[in-house]
Amino acid sequence: MERTLIGMLTPSSNTVLEPYTGALLHGLLPQVTAHFQRFTVKEISMSEDALAQFDPAPLLEAAQLLNDARMNVIAWNGTSSSWLGFEADRRLCATIEEVTGVPATTSVLALNEVLERTEVGRLGLVTPYLDDIQAAIVTNYRQAGHEVVAERHLNDRGNFSFSEYDEATLANMVREVAKSRPDAITILCTNLRGAGIVAELERELGIPIYDSVSVTVWKTLQMANIDPARIQGWGGLFEDRRLRT
């Protein structure tokens with residue numbers, strides 16, 4: 001049997017993306033499996049030490065270790081470029097591909113592709129981040145043509161603490177953002193328990209919801225020539241014909 005191996009670069013204090021990625025891919029076992037390599041991320045803020053966590057060097061080392069197991073695709077499963085600037089992820093992917101010979105993507109680049117392909121102009125934003133991080137994210141998306149018309153954030157520096165917010169808390173944040181009737185809502189953070197609430201909230205609100213863990217799975221499957229529509233029950237992202245090829 002030919003296997004598809006998906007590598008995920010994982011923040012060290014993240015306890016959400018691994019189990020939720022596994023749950024999303026469960027129906028594709030044993031053909032498709034996800035594999036994880038951690039590097040140090042303990043705080044999300046604009047402090048010098050926090051920003052230094054996303055220096056490319058540890059991510060590249062993690063990517064090389066992952067590729068000892070011969071990955072088909074490698075993803076940085078994190079959202080740092082949403083506040084650092086999208087170019088940071090484009091540079092990272094180019095370097096990973098150069099060093100490993102493996103196609104690479106990131107959670108943010110995957111989300112941005114979804115927003116472009118579904119022509120989202122009015123965006124709703126839900127995150128756990130601090131005020132200044134949130135402001136930088138709003139600016140970056142506005143400059144990319146996606147006006148954030150409503151947002152909610154937890155003003156938490158995390159990173160481990162992000163995983164301790166329950167689904168009810170996140171669902172209420174999404175409902176608040178939905179009152180402004182954006183074209184789509186993103187739950188932006190791979191350490192939030194967003195993936196499991198998407199399908200029910202989409203039915204309730206009638207608005208597409210794009211979770212960071214889910215969009216990373218969607219894009220890595222595409223890159224590995226696996227039809228994302230094989231994932232069922234996790235929201236419209238995997239069913240939207242505009243996102244099938």
# chains A, B, ... in the order shown; residues from 1 in each chain; ligands from 1
call {"tool": "residues_around", "arguments": {"residues": "Ala184 (chain A)", "least_positions_apart": "5", "cutoff": "9 Å", "atoms": "only C-alpha atoms", "output": "ChimeraX atom specification"}}
result
/A:115,120-125,178,207-210
call {"tool": "residues_around", "arguments": {"residues": "Glu61 (chain A)", "least_positions_apart": "4", "cutoff": "12 Å", "atoms": "only C-alpha atoms", "output": "list in words"}}
result
Leu9, Gln37, Arg38, Phe39, Thr40, Asp55, Pro56, Ala57, Leu65, Leu66, Asn67, Asp68, Leu92, Thr95, Ile96, Val99 and Thr100 of chain A
call {"tool": "write_last_selection", "arguments": {"atoms": "C-alpha atoms", "output": "tab-separated table (two decimals), in the first residue's frame"}}
result
chain	number	residue	atom	x	y	z
A	9	LEU	CA	5.89	21.51	12.61
A	37	GLN	CA	7.96	17.56	15.37
A	38	ARG	CA	8.02	20.21	18.10
A	39	PHE	CA	10.11	23.31	18.62
A	40	THR	CA	9.99	25.79	21.47
A	55	ASP	CA	13.32	32.43	13.93
A	56	PRO	CA	13.53	30.07	10.94
A	57	ALA	CA	16.46	28.03	12.29
A	65	LEU	CA	14.07	15.72	11.51
A	66	LEU	CA	10.56	15.14	10.19
A	67	ASN	CA	11.94	14.37	6.79
A	68	ASP	CA	14.03	11.52	8.18
A	92	LEU	CA	10.02	29.73	5.33
A	95	THR	CA	13.68	27.38	2.53
A	96	ILE	CA	12.08	24.15	3.77
A	99	VAL	CA	16.62	22.06	2.38
A	100	THR	CA	14.38	18.97	2.33
call {"tool": "residues_around", "arguments": {"residues": "Trp234 (chain A)", "least_positions_apart": "4", "cutoff": "12 Å", "atoms": "only C-alpha atoms", "output": "PyMOL selection string"}}
result
chain A and resi 20-21+23-27+194-203+208-211+213-215+217-218+228-230+238-240
call {"tool": "write_last_selection", "arguments": {"atoms": "C-alpha atoms", "output": "short mmCIF file (atom, residue, chain, number, x, y, z; two decimals), in the first residue's frame"}}
result
data_model
loop_
_atom_site.label_atom_id
_atom_site.label_comp_id
_atom_site.auth_asym_id
_atom_site.auth_seq_id
_atom_site.Cartn_x
_atom_site.Cartn_y
_atom_site.Cartn_z
CA TYR A 20 -7.55 17.30 16.21
CA THR A 21 -5.42 16.61 13.14
CA ALA A 23 -9.35 13.12 14.38
CA LEU A 24 -9.74 14.89 11.04
CA LEU A 25 -7.61 12.26 9.29
CA HIS A 26 -9.06 9.26 11.13
CA GLY A 27 -11.22 8.15 8.20
CA GLY A 194 -12.20 25.21 17.01
CA ALA A 195 -12.35 22.38 14.50
CA GLY A 196 -15.00 20.39 16.32
CA ILE A 197 -17.54 23.23 16.52
CA VAL A 198 -17.37 24.36 12.90
CA ALA A 199 -19.98 22.14 11.28
CA GLU A 200 -22.72 22.83 13.85
CA LEU A 201 -22.04 26.57 13.91
CA GLU A 202 -22.09 26.78 10.12
CA ARG A 203 -25.54 25.18 10.15
CA PRO A 208 -18.46 29.62 6.45
CA ILE A 209 -16.03 29.11 9.33
CA TYR A 210 -12.38 28.33 8.71
CA ASP A 211 -10.43 26.82 11.61
CA VAL A 213 -6.07 23.22 12.15
CA SER A 214 -8.68 22.30 9.55
CA VAL A 215 -7.30 24.54 6.79
CA VAL A 217 -5.20 19.55 6.87
CA TRP A 218 -7.15 20.70 3.80
CA PRO A 228 -10.05 16.74 0.91
CA ALA A 229 -13.72 15.86 0.32
CA ARG A 230 -12.93 12.46 1.81
CA PHE A 238 -14.03 20.09 2.82
CA GLU A 239 -17.21 20.20 0.74
CA ASP A 240 -16.95 23.54 -1.10
#
call {"tool": "residues_around", "arguments": {"residues": "Thr220 (chain A)", "least_positions_apart": "4", "cutoff": "10 Å", "atoms": "only C-alpha atoms", "output": "list of chain:residue names"}}
result
A:Leu5, A:Ile6, A:Gly7, A:Met8, A:Ala34, A:Asn72, A:Val73, A:Ile74, A:Ala75, A:Pro103, A:Ala104, A:Thr105, A:Thr106, A:Ser107, A:Ala110, A:Val215, A:Thr216, A:Ala224, A:Asn225, A:Ile226, A:Pro228
call {"tool": "write_last_selection", "arguments": {"atoms": "all heavy atoms", "output": "short mmCIF file (atom, residue, chain, number, x, y, z; two decimals), in the first residue's frame"}}
result
data_model
loop_
_atom_site.label_atom_id
_atom_site.label_comp_id
_atom_site.auth_asym_id
_atom_site.auth_seq_id
_atom_site.Cartn_x
_atom_site.Cartn_y
_atom_site.Cartn_z
N LEU A 5 2.43 10.59 3.88
CA LEU A 5 2.94 11.00 5.18
C LEU A 5 2.99 12.52 5.23
O LEU A 5 3.67 13.16 4.42
CB LEU A 5 4.34 10.42 5.41
CG LEU A 5 4.46 8.89 5.22
CD1 LEU A 5 5.90 8.45 5.38
CD2 LEU A 5 3.56 8.16 6.20
N ILE A 6 2.26 13.10 6.17
CA ILE A 6 2.16 14.55 6.30
C ILE A 6 2.90 14.99 7.56
O ILE A 6 2.59 14.53 8.66
CB ILE A 6 0.69 14.99 6.37
CG1 ILE A 6 -0.03 14.62 5.07
CG2 ILE A 6 0.59 16.50 6.63
CD1 ILE A 6 -1.52 14.88 5.11
N GLY A 7 3.86 15.86 7.39
CA GLY A 7 4.65 16.35 8.52
C GLY A 7 4.12 17.68 9.02
O GLY A 7 3.82 18.57 8.22
N MET A 8 4.03 17.81 10.33
CA MET A 8 3.53 19.03 10.95
C MET A 8 4.57 19.60 11.92
O MET A 8 4.95 18.93 12.89
CB MET A 8 2.23 18.75 11.72
CG MET A 8 1.09 18.20 10.87
SD MET A 8 0.41 19.48 9.79
CE MET A 8 -1.03 18.61 9.14
N ALA A 34 -0.45 11.65 9.88
CA ALA A 34 0.24 12.89 10.22
C ALA A 34 1.32 12.60 11.26
O ALA A 34 1.14 11.77 12.15
CB ALA A 34 -0.74 13.92 10.75
N ASN A 72 5.71 13.40 2.58
CA ASN A 72 5.23 13.84 1.28
C ASN A 72 5.00 15.34 1.22
O ASN A 72 5.07 15.95 0.15
CB ASN A 72 3.92 13.12 0.92
CG ASN A 72 4.12 11.64 0.73
OD1 ASN A 72 3.95 10.86 1.66
ND2 ASN A 72 4.48 11.24 -0.48
N VAL A 73 4.69 15.92 2.37
CA VAL A 73 4.48 17.36 2.48
C VAL A 73 4.77 17.75 3.92
O VAL A 73 4.60 16.93 4.85
CB VAL A 73 3.03 17.75 2.06
CG1 VAL A 73 2.01 17.04 2.92
CG2 VAL A 73 2.84 19.25 2.09
N ILE A 74 5.24 18.98 4.12
CA ILE A 74 5.53 19.49 5.47
C ILE A 74 4.79 20.81 5.66
O ILE A 74 4.82 21.67 4.77
CB ILE A 74 7.04 19.69 5.68
CG1 ILE A 74 7.76 18.33 5.67
CG2 ILE A 74 7.32 20.43 6.99
CD1 ILE A 74 9.28 18.45 5.71
N ALA A 75 4.15 20.97 6.81
CA ALA A 75 3.43 22.20 7.11
C ALA A 75 3.90 22.79 8.43
O ALA A 75 4.09 22.06 9.41
CB ALA A 75 1.93 21.94 7.19
N PRO A 103 7.59 19.57 -0.66
CA PRO A 103 6.69 20.72 -0.71
C PRO A 103 6.25 21.14 0.69
O PRO A 103 6.03 20.30 1.56
CB PRO A 103 5.49 20.20 -1.52
CG PRO A 103 6.01 19.00 -2.26
CD PRO A 103 7.08 18.40 -1.40
N ALA A 104 6.12 22.45 0.89
CA ALA A 104 5.80 22.97 2.22
C ALA A 104 4.70 24.01 2.15
O ALA A 104 4.54 24.72 1.15
CB ALA A 104 7.05 23.58 2.86
N THR A 105 3.95 24.12 3.25
CA THR A 105 2.92 25.13 3.39
C THR A 105 2.83 25.51 4.85
O THR A 105 3.61 25.03 5.68
CB THR A 105 1.56 24.63 2.86
OG1 THR A 105 0.64 25.73 2.82
CG2 THR A 105 0.99 23.53 3.73
N THR A 106 1.87 26.40 5.18
CA THR A 106 1.64 26.80 6.57
C THR A 106 0.15 27.00 6.79
O THR A 106 -0.64 27.12 5.83
CB THR A 106 2.35 28.13 6.92
OG1 THR A 106 1.62 29.22 6.33
CG2 THR A 106 3.79 28.14 6.43
N SER A 107 -0.24 27.07 8.05
CA SER A 107 -1.65 27.31 8.38
C SER A 107 -2.15 28.62 7.79
O SER A 107 -3.27 28.69 7.26
CB SER A 107 -1.84 27.33 9.89
OG SER A 107 -1.41 26.12 10.48
N ALA A 110 -2.42 28.55 3.96
CA ALA A 110 -3.61 27.76 3.61
C ALA A 110 -4.87 28.59 3.79
O ALA A 110 -5.75 28.62 2.91
CB ALA A 110 -3.66 26.50 4.46
N VAL A 215 -7.82 24.06 8.09
CA VAL A 215 -7.30 24.54 6.79
C VAL A 215 -5.92 23.96 6.52
O VAL A 215 -5.56 23.73 5.35
CB VAL A 215 -7.27 26.08 6.69
CG1 VAL A 215 -8.67 26.65 6.75
CG2 VAL A 215 -6.36 26.71 7.71
N THR A 216 -5.15 23.68 7.56
CA THR A 216 -3.84 23.07 7.36
C THR A 216 -3.99 21.65 6.83
O THR A 216 -3.27 21.23 5.91
CB THR A 216 -3.04 23.06 8.67
OG1 THR A 216 -3.06 24.37 9.25
CG2 THR A 216 -1.59 22.67 8.43
N ALA A 224 -0.75 16.69 -1.40
CA ALA A 224 -0.39 15.28 -1.51
C ALA A 224 -1.29 14.52 -2.47
O ALA A 224 -1.24 13.28 -2.54
CB ALA A 224 -0.46 14.62 -0.13
N ASN A 225 -2.11 15.26 -3.23
CA ASN A 225 -3.03 14.67 -4.22
C ASN A 225 -4.05 13.72 -3.59
O ASN A 225 -4.43 12.71 -4.18
CB ASN A 225 -2.24 13.95 -5.32
CG ASN A 225 -1.37 14.90 -6.12
OD1 ASN A 225 -1.82 15.98 -6.51
ND2 ASN A 225 -0.12 14.53 -6.34
N ILE A 226 -4.50 14.09 -2.40
CA ILE A 226 -5.58 13.38 -1.72
C ILE A 226 -6.79 14.31 -1.71
O ILE A 226 -6.67 15.47 -1.31
CB ILE A 226 -5.20 13.01 -0.27
CG1 ILE A 226 -3.92 12.16 -0.24
CG2 ILE A 226 -6.35 12.30 0.43
CD1 ILE A 226 -4.05 10.79 -0.82
N PRO A 228 -9.60 16.33 -0.42
CA PRO A 228 -10.05 16.74 0.91
C PRO A 228 -11.51 16.39 1.18
O PRO A 228 -11.92 16.30 2.35
CB PRO A 228 -9.84 18.26 0.91
CG PRO A 228 -8.80 18.50 -0.11
CD PRO A 228 -9.06 17.48 -1.18
#
call {"tool": "closest_residue", "arguments": {"among": "A:Thr245, A:Ser82, A:Ser45, A:Gln64", "to": "Thr139 (chain A)", "atoms": "only C-alpha atoms"}}
result
A:Ser82
call {"tool": "select_by_dssp", "arguments": {"residues": "region 40-184 of chain A", "states": "helix (DSSP H, G or I)", "output": "ChimeraX atom specification"}}
result
/A:48-52,56-69,81-84,86-100,107-117,131-143,160-164,167-178
call {"tool": "closest_residue", "arguments": {"among": "A:Asn159, A:Gln222, A:Gln31, A:Thr186", "to": "Leu130 (chain A)", "atoms": "only C-alpha atoms"}}
result
A:Asn159
call {"tool": "closest_residue", "arguments": {"among": "A:Thr118, A:Asn155, A:Gln143, A:Ser161", "to": "Asp131 (chain A)", "atoms": "only C-alpha atoms"}}
result
A:Asn155
call {"tool": "closest_residue", "arguments": {"among": "A:Ala69, A:Leu192, A:Ile187, A:Ala144", "to": "Glu167 (chain A)", "atoms": "only C-alpha atoms"}}
result
A:Leu192
call {"tool": "closest_residue", "arguments": {"among": "A:Val114, A:Leu60, A:Ala136, A:Leu51", "to": "Arg91 (chain A)", "atoms": "only C-alpha atoms"}}
result
A:Leu60
call {"tool": "closest_residue", "arguments": {"among": "A:Leu111, A:Leu205, A:Ile137, A:Ala52", "to": "Ala171 (chain A)", "atoms": "only C-alpha atoms"}}
result
A:Leu205
call {"tool": "select_by_dssp", "arguments": {"residues": "region 30-129 of chain A", "states": "strand (DSSP E)", "output": "list in words"}}
result
Val32, Thr33, Ala34, His35, Phe36, Gln37, Arg38, Phe39, Val73, Ile74, Ala75, Trp76, Ala104, Thr105, Thr106, Arg122, Leu123, Gly124, Leu125, Val126 and Thr127 of chain A
call {"tool": "atom_distance", "arguments": {"atom1": "CA of Met223 (chain A)", "atom2": "CA of Gly22 (chain A)"}}
result
17.8 Å
call {"tool": "residues_around", "arguments": {"residues": "Ser180 (chain A)", "least_positions_apart": "4", "cutoff": "9 Å", "atoms": "only C-alpha atoms", "output": "PyMOL selection string"}}
result
chain A and resi 124+149-150+176
call {"tool": "write_last_selection", "arguments": {"atoms": "N, CA and C atoms", "output": "PDB file, in the first residue's frame"}}
result
ATOM      1  N   GLY A 124     -14.603  37.843   9.578  1.00  0.00           N
ATOM      2  CA  GLY A 124     -14.737  37.805  11.027  1.00  0.00           C
ATOM      3  C   GLY A 124     -13.553  37.066  11.623  1.00  0.00           C
ATOM      4  N   VAL A 149     -14.380  42.886   9.768  1.00  0.00           N
ATOM      5  CA  VAL A 149     -15.554  43.683  10.122  1.00  0.00           C
ATOM      6  C   VAL A 149     -16.026  43.420  11.547  1.00  0.00           C
ATOM      7  N   ALA A 150     -15.529  42.332  12.147  1.00  0.00           N
ATOM      8  CA  ALA A 150     -15.839  42.027  13.546  1.00  0.00           C
ATOM      9  C   ALA A 150     -14.771  41.096  14.074  1.00  0.00           C
ATOM     10  N   GLU A 176     -20.844  36.050  18.407  1.00  0.00           N
ATOM     11  CA  GLU A 176     -20.754  37.498  18.517  1.00  0.00           C
ATOM     12  C   GLU A 176     -20.233  38.119  17.221  1.00  0.00           C
TER      13      GLU A 176
END
call {"tool": "atom_distance", "arguments": {"atom1": "CA of Val108 (chain A)", "atom2": "CA of Lys219 (chain A)"}}
result
10.5 Å
